[in-house]
Amino acid sequence: MKKLIIGNTHIDLPIIQGGMGVGISLSNLASAVANEGGIGVISAAGVGLFYKESNDYAKNNRFGLRQEIRKTRALTNGKIGVNIMVAFTNYSDLVQVAIEEEVDFIFVGAGLPLDLPKYLKEDSKTKLVPIISSGRAAKIIIKKWQKNFNYLPDAFIVEGPLAGGHLGFKKGTMDDDASKLENLLVDVLNTIAPIEQKYDEKIPLIAAGGIYTGEDIYRFINKGASAVQMGTRFVATHECDASNTFKQSYIDSNEKDMVYIESPVGLPGRAIYNPFLEDVEKGLKHPFNCPYNCIHTCPKEEAPYCIILALFNAKIGKLKNGFAFAGKNAHRIKKILSVKELIHELIQGYKQAELNFA
């Protein structure tokens, strides 16, 4: 596989491990991926739930993210990033912590990060990578960043509807041809081509959502992507920070279990169907008092359940009180591997695809 080059940073393996919350990708998984030459990513979502230093959720999140970054740095000399949602009420705090800790990359989704470059200092080393699902979003971000900060995105992640977790698509559009990752990639490539020419700068595109095999990686790189992001495949690894019960839910799942859900925060999502989601589907509520106020778009008074508590419960194996987000292809996973074994499998699959399509 060719190296991924983002600005002056060279990444040996063109694979970014997706940032998965709550607590699914923390220092253990991120460092393992970085040690194999890819980019290991810590999810900032709900990280404070694992660091209850006080009764202040935002303070715990700042502290927790800082600790996870430092733990990751202690375990690897490779490239690491942090995944942060624009929709977080403490988005600004988390971005500042990640930059202060000099992570290599910040990946930002669940909204357009129109002000992200303002957090950089003159000597900041962190590169900024928005997660988008259309050429239109790329154009809006580029226009705002150029006008207000004289800054181009260092790269884009282009995420399709086969991804797990919250998705950047309107209900009813996820199965449209226009929403297929292949077509989204072309859309964004066409959008940024004149901008790259104008500024004489390369903006790498990273394809994400449903990528499962080395052949998939080969296919998308040959369609113009510079790298891929993979989340679901890294869940079923020994190093993943989720509980074994969470990982086993992937292995036990069937294709019909991969469902769209309406998240309480107003976004569609993809998860593994289970009794908790069945209750939600039947209109049964899981009462809660919101102690966190974690997402801007959450209608706390009407929400049938607390999304962050449901994901926290799933992470620690209490799936009766939560559920697992997962990509469309999670049901294909049949065993738990080490990160090293998974990377080897992906590289071999890529090489075989090169031979097959040469």
# chains A, B, ... in the order shown; residues from 1 in each chain; ligands from 1
>>> select_by_dssp(residues="range 55-202 of chain A", states="alpha helix (DSSP H)", output="PyMOL selection string")
chain A and resi 57-75+91-100+135-149+181-199
>>> select_by_dssp(residues="range 222-302 of chain A", states="strand (DSSP E)", output="number ranges by chain")
A: 227-230, 258-262, 268-272
>>> residues_around(residues="range 29-41 of chain A", least_positions_apart="2", cutoff="10 Å", atoms="only C-alpha atoms", output="MDAnalysis selection string")
chainID A and resid 3:4 10:20 24:27 43:44 68:69 71:83 103:107 227 229 231 234:235 237:242 338:340 342:344
>>> residues_around(residues="range 202-217 of chain A", least_positions_apart="5", cutoff="9 Å", atoms="only C-alpha atoms", output="number ranges by chain")
A: 4-7, 14-16, 18, 152-164, 181-182, 185, 188-189, 192-193, 195-197, 222, 224-233, 327-330, 332, 345-354
>>> write_last_selection(atoms="C-alpha atoms", output="PDB file, in the first residue's frame")
ATOM      1  CA  LEU A   4      -0.709   8.425   3.106  1.00  0.00           C
ATOM      2  CA  ILE A   5       0.710  11.931   2.916  1.00  0.00           C
ATOM      3  CA  ILE A   6      -1.168  14.735   4.647  1.00  0.00           C
ATOM      4  CA  GLY A   7       0.794  17.965   4.372  1.00  0.00           C
ATOM      5  CA  PRO A  14      -3.155   4.337   4.593  1.00  0.00           C
ATOM      6  CA  ILE A  15      -5.650   3.130   7.195  1.00  0.00           C
ATOM      7  CA  ILE A  16      -7.288   5.342   9.802  1.00  0.00           C
ATOM      8  CA  GLY A  18     -12.419   5.167  13.152  1.00  0.00           C
ATOM      9  CA  LEU A 152      -7.453  24.758   3.752  1.00  0.00           C
ATOM     10  CA  PRO A 153      -8.574  21.461   5.303  1.00  0.00           C
ATOM     11  CA  ASP A 154      -5.585  19.155   5.650  1.00  0.00           C
ATOM     12  CA  ALA A 155      -7.753  16.280   4.384  1.00  0.00           C
ATOM     13  CA  PHE A 156     -11.390  15.173   4.281  1.00  0.00           C
ATOM     14  CA  ILE A 157     -12.972  11.933   5.424  1.00  0.00           C
ATOM     15  CA  VAL A 158     -15.814  11.116   3.032  1.00  0.00           C
ATOM     16  CA  GLU A 159     -18.219   8.871   4.925  1.00  0.00           C
ATOM     17  CA  GLY A 160     -20.952   6.837   3.262  1.00  0.00           C
ATOM     18  CA  PRO A 161     -24.167   5.415   4.721  1.00  0.00           C
ATOM     19  CA  LEU A 162     -22.809   1.923   5.449  1.00  0.00           C
ATOM     20  CA  ALA A 163     -20.889   3.250   8.445  1.00  0.00           C
ATOM     21  CA  GLY A 164     -21.838   2.565  12.045  1.00  0.00           C
ATOM     22  CA  LEU A 181     -19.705   5.892  -1.067  1.00  0.00           C
ATOM     23  CA  GLU A 182     -18.365   5.466  -4.604  1.00  0.00           C
ATOM     24  CA  LEU A 185     -16.158  10.137  -3.378  1.00  0.00           C
ATOM     25  CA  VAL A 188     -16.056  15.426  -3.454  1.00  0.00           C
ATOM     26  CA  LEU A 189     -13.143  14.758  -5.825  1.00  0.00           C
ATOM     27  CA  ILE A 192     -12.044  19.954  -4.606  1.00  0.00           C
ATOM     28  CA  ALA A 193     -10.133  19.488  -7.897  1.00  0.00           C
ATOM     29  CA  ILE A 195      -9.525  24.271  -5.397  1.00  0.00           C
ATOM     30  CA  GLU A 196      -6.412  22.083  -5.285  1.00  0.00           C
ATOM     31  CA  GLN A 197      -5.365  23.561  -8.630  1.00  0.00           C
ATOM     32  CA  ASN A 222      -8.065   3.207  -7.171  1.00  0.00           C
ATOM     33  CA  GLY A 224      -9.211   8.368  -6.036  1.00  0.00           C
ATOM     34  CA  ALA A 225      -9.083   8.005  -2.251  1.00  0.00           C
ATOM     35  CA  SER A 226      -5.696   8.450  -0.589  1.00  0.00           C
ATOM     36  CA  ALA A 227      -6.627   6.201   2.337  1.00  0.00           C
ATOM     37  CA  VAL A 228      -9.558   4.573   4.099  1.00  0.00           C
ATOM     38  CA  GLN A 229     -11.100   4.812   7.532  1.00  0.00           C
ATOM     39  CA  MET A 230     -12.300   1.607   9.191  1.00  0.00           C
ATOM     40  CA  GLY A 231     -14.161   1.401  12.478  1.00  0.00           C
ATOM     41  CA  THR A 232     -16.286  -1.740  12.640  1.00  0.00           C
ATOM     42  CA  ARG A 233     -13.460  -4.140  11.831  1.00  0.00           C
ATOM     43  CA  GLY A 327     -21.407  -0.692  10.454  1.00  0.00           C
ATOM     44  CA  LYS A 328     -23.434  -2.533   7.823  1.00  0.00           C
ATOM     45  CA  ASN A 329     -20.848  -5.320   7.521  1.00  0.00           C
ATOM     46  CA  ALA A 330     -20.490  -6.112  11.233  1.00  0.00           C
ATOM     47  CA  ARG A 332     -19.478 -10.674   8.606  1.00  0.00           C
ATOM     48  CA  GLU A 345      -5.135  -9.787   6.623  1.00  0.00           C
ATOM     49  CA  LEU A 346      -5.999  -6.404   5.083  1.00  0.00           C
ATOM     50  CA  ILE A 347      -2.556  -6.008   3.510  1.00  0.00           C
ATOM     51  CA  GLN A 348      -2.676  -9.514   2.037  1.00  0.00           C
ATOM     52  CA  GLY A 349      -6.158  -8.845   0.659  1.00  0.00           C
ATOM     53  CA  TYR A 350      -4.930  -5.609  -0.900  1.00  0.00           C
ATOM     54  CA  LYS A 351      -1.964  -7.350  -2.515  1.00  0.00           C
ATOM     55  CA  GLN A 352      -4.207 -10.082  -3.902  1.00  0.00           C
ATOM     56  CA  ALA A 353      -6.531  -7.455  -5.369  1.00  0.00           C
ATOM     57  CA  GLU A 354      -3.532  -5.809  -7.033  1.00  0.00           C
TER      58      GLU A 354
END
>>> closest_residue(among="A:Lys282, A:Lys59, A:Lys300, A:His331", to="Val259 in chain A", atoms="only C-alpha atoms")
A:His331
>>> atom_distance(atom1="CA of Lys139 in chain A", atom2="CA of Thr191 in chain A")
6.8 Å
>>> atom_distance(atom1="CA of Leu128 in chain A", atom2="CA of Ser263 in chain A")
26.8 Å
>>> residues_around(residues="Lys143 in chain A", least_positions_apart="6", cutoff="10 Å", atoms="only C-alpha atoms", output="compact mmCIF listing (two decimals) with C-alpha atoms, in the first residue's frame")
# COMPACT_ATOMS: atom_id res chain seq x y z
CA LEU A 114 -16.84 26.06 10.38
CA ALA A 137 -20.24 20.23 2.62
CA PHE A 149 -8.67 31.79 8.52
CA ASN A 150 -6.77 31.51 5.22
CA TYR A 151 -6.63 27.77 5.89
CA LEU A 152 -7.45 24.76 3.75
CA ILE A 195 -9.53 24.27 -5.40
>>> decode(residues="range 240-256 of chain A", atoms="N, CA and C atoms", output="short mmCIF file (atom, residue, chain, number, x, y, z; two decimals), in the first residue's frame")
data_model
loop_
_atom_site.label_atom_id
_atom_site.label_comp_id
_atom_site.auth_asym_id
_atom_site.auth_seq_id
_atom_site.Cartn_x
_atom_site.Cartn_y
_atom_site.Cartn_z
N CYS A 240 -9.24 -3.69 21.28
CA CYS A 240 -10.36 -2.75 21.35
C CYS A 240 -10.75 -2.53 22.80
N ASP A 241 -11.10 -1.29 23.14
CA ASP A 241 -11.37 -0.93 24.52
C ASP A 241 -12.76 -1.32 25.01
N ALA A 242 -13.59 -1.89 24.13
CA ALA A 242 -14.93 -2.34 24.52
C ALA A 242 -14.85 -3.63 25.33
N SER A 243 -15.93 -3.95 26.03
CA SER A 243 -16.01 -5.21 26.77
C SER A 243 -16.10 -6.39 25.80
N ASN A 244 -15.79 -7.55 26.29
CA ASN A 244 -15.91 -8.76 25.46
C ASN A 244 -17.36 -9.01 25.07
N THR A 245 -18.30 -8.64 25.93
CA THR A 245 -19.72 -8.80 25.61
C THR A 245 -20.09 -7.95 24.40
N PHE A 246 -19.59 -6.73 24.37
CA PHE A 246 -19.82 -5.84 23.23
C PHE A 246 -19.26 -6.46 21.95
N LYS A 247 -18.03 -6.93 22.02
CA LYS A 247 -17.40 -7.54 20.84
C LYS A 247 -18.18 -8.78 20.39
N GLN A 248 -18.64 -9.57 21.35
CA GLN A 248 -19.36 -10.79 21.01
C GLN A 248 -20.68 -10.48 20.32
N SER A 249 -21.27 -9.33 20.60
CA SER A 249 -22.51 -8.95 19.93
C SER A 249 -22.30 -8.79 18.43
N TYR A 250 -21.11 -8.40 18.03
CA TYR A 250 -20.78 -8.33 16.61
C TYR A 250 -20.72 -9.74 16.01
N ILE A 251 -20.01 -10.61 16.71
CA ILE A 251 -19.81 -11.97 16.21
C ILE A 251 -21.14 -12.73 16.13
N ASP A 252 -22.03 -12.48 17.08
CA ASP A 252 -23.31 -13.18 17.12
C ASP A 252 -24.37 -12.59 16.19
N SER A 253 -24.10 -11.44 15.61
CA SER A 253 -25.12 -10.74 14.82
C SER A 253 -25.33 -11.38 13.45
N ASN A 254 -26.50 -11.15 12.89
CA ASN A 254 -26.84 -11.55 11.53
C ASN A 254 -27.08 -10.30 10.68
N GLU A 255 -27.14 -10.50 9.37
CA GLU A 255 -27.31 -9.35 8.48
C GLU A 255 -28.60 -8.59 8.80
N LYS A 256 -29.66 -9.32 9.15
CA LYS A 256 -30.94 -8.66 9.44
C LYS A 256 -30.88 -7.83 10.73
#
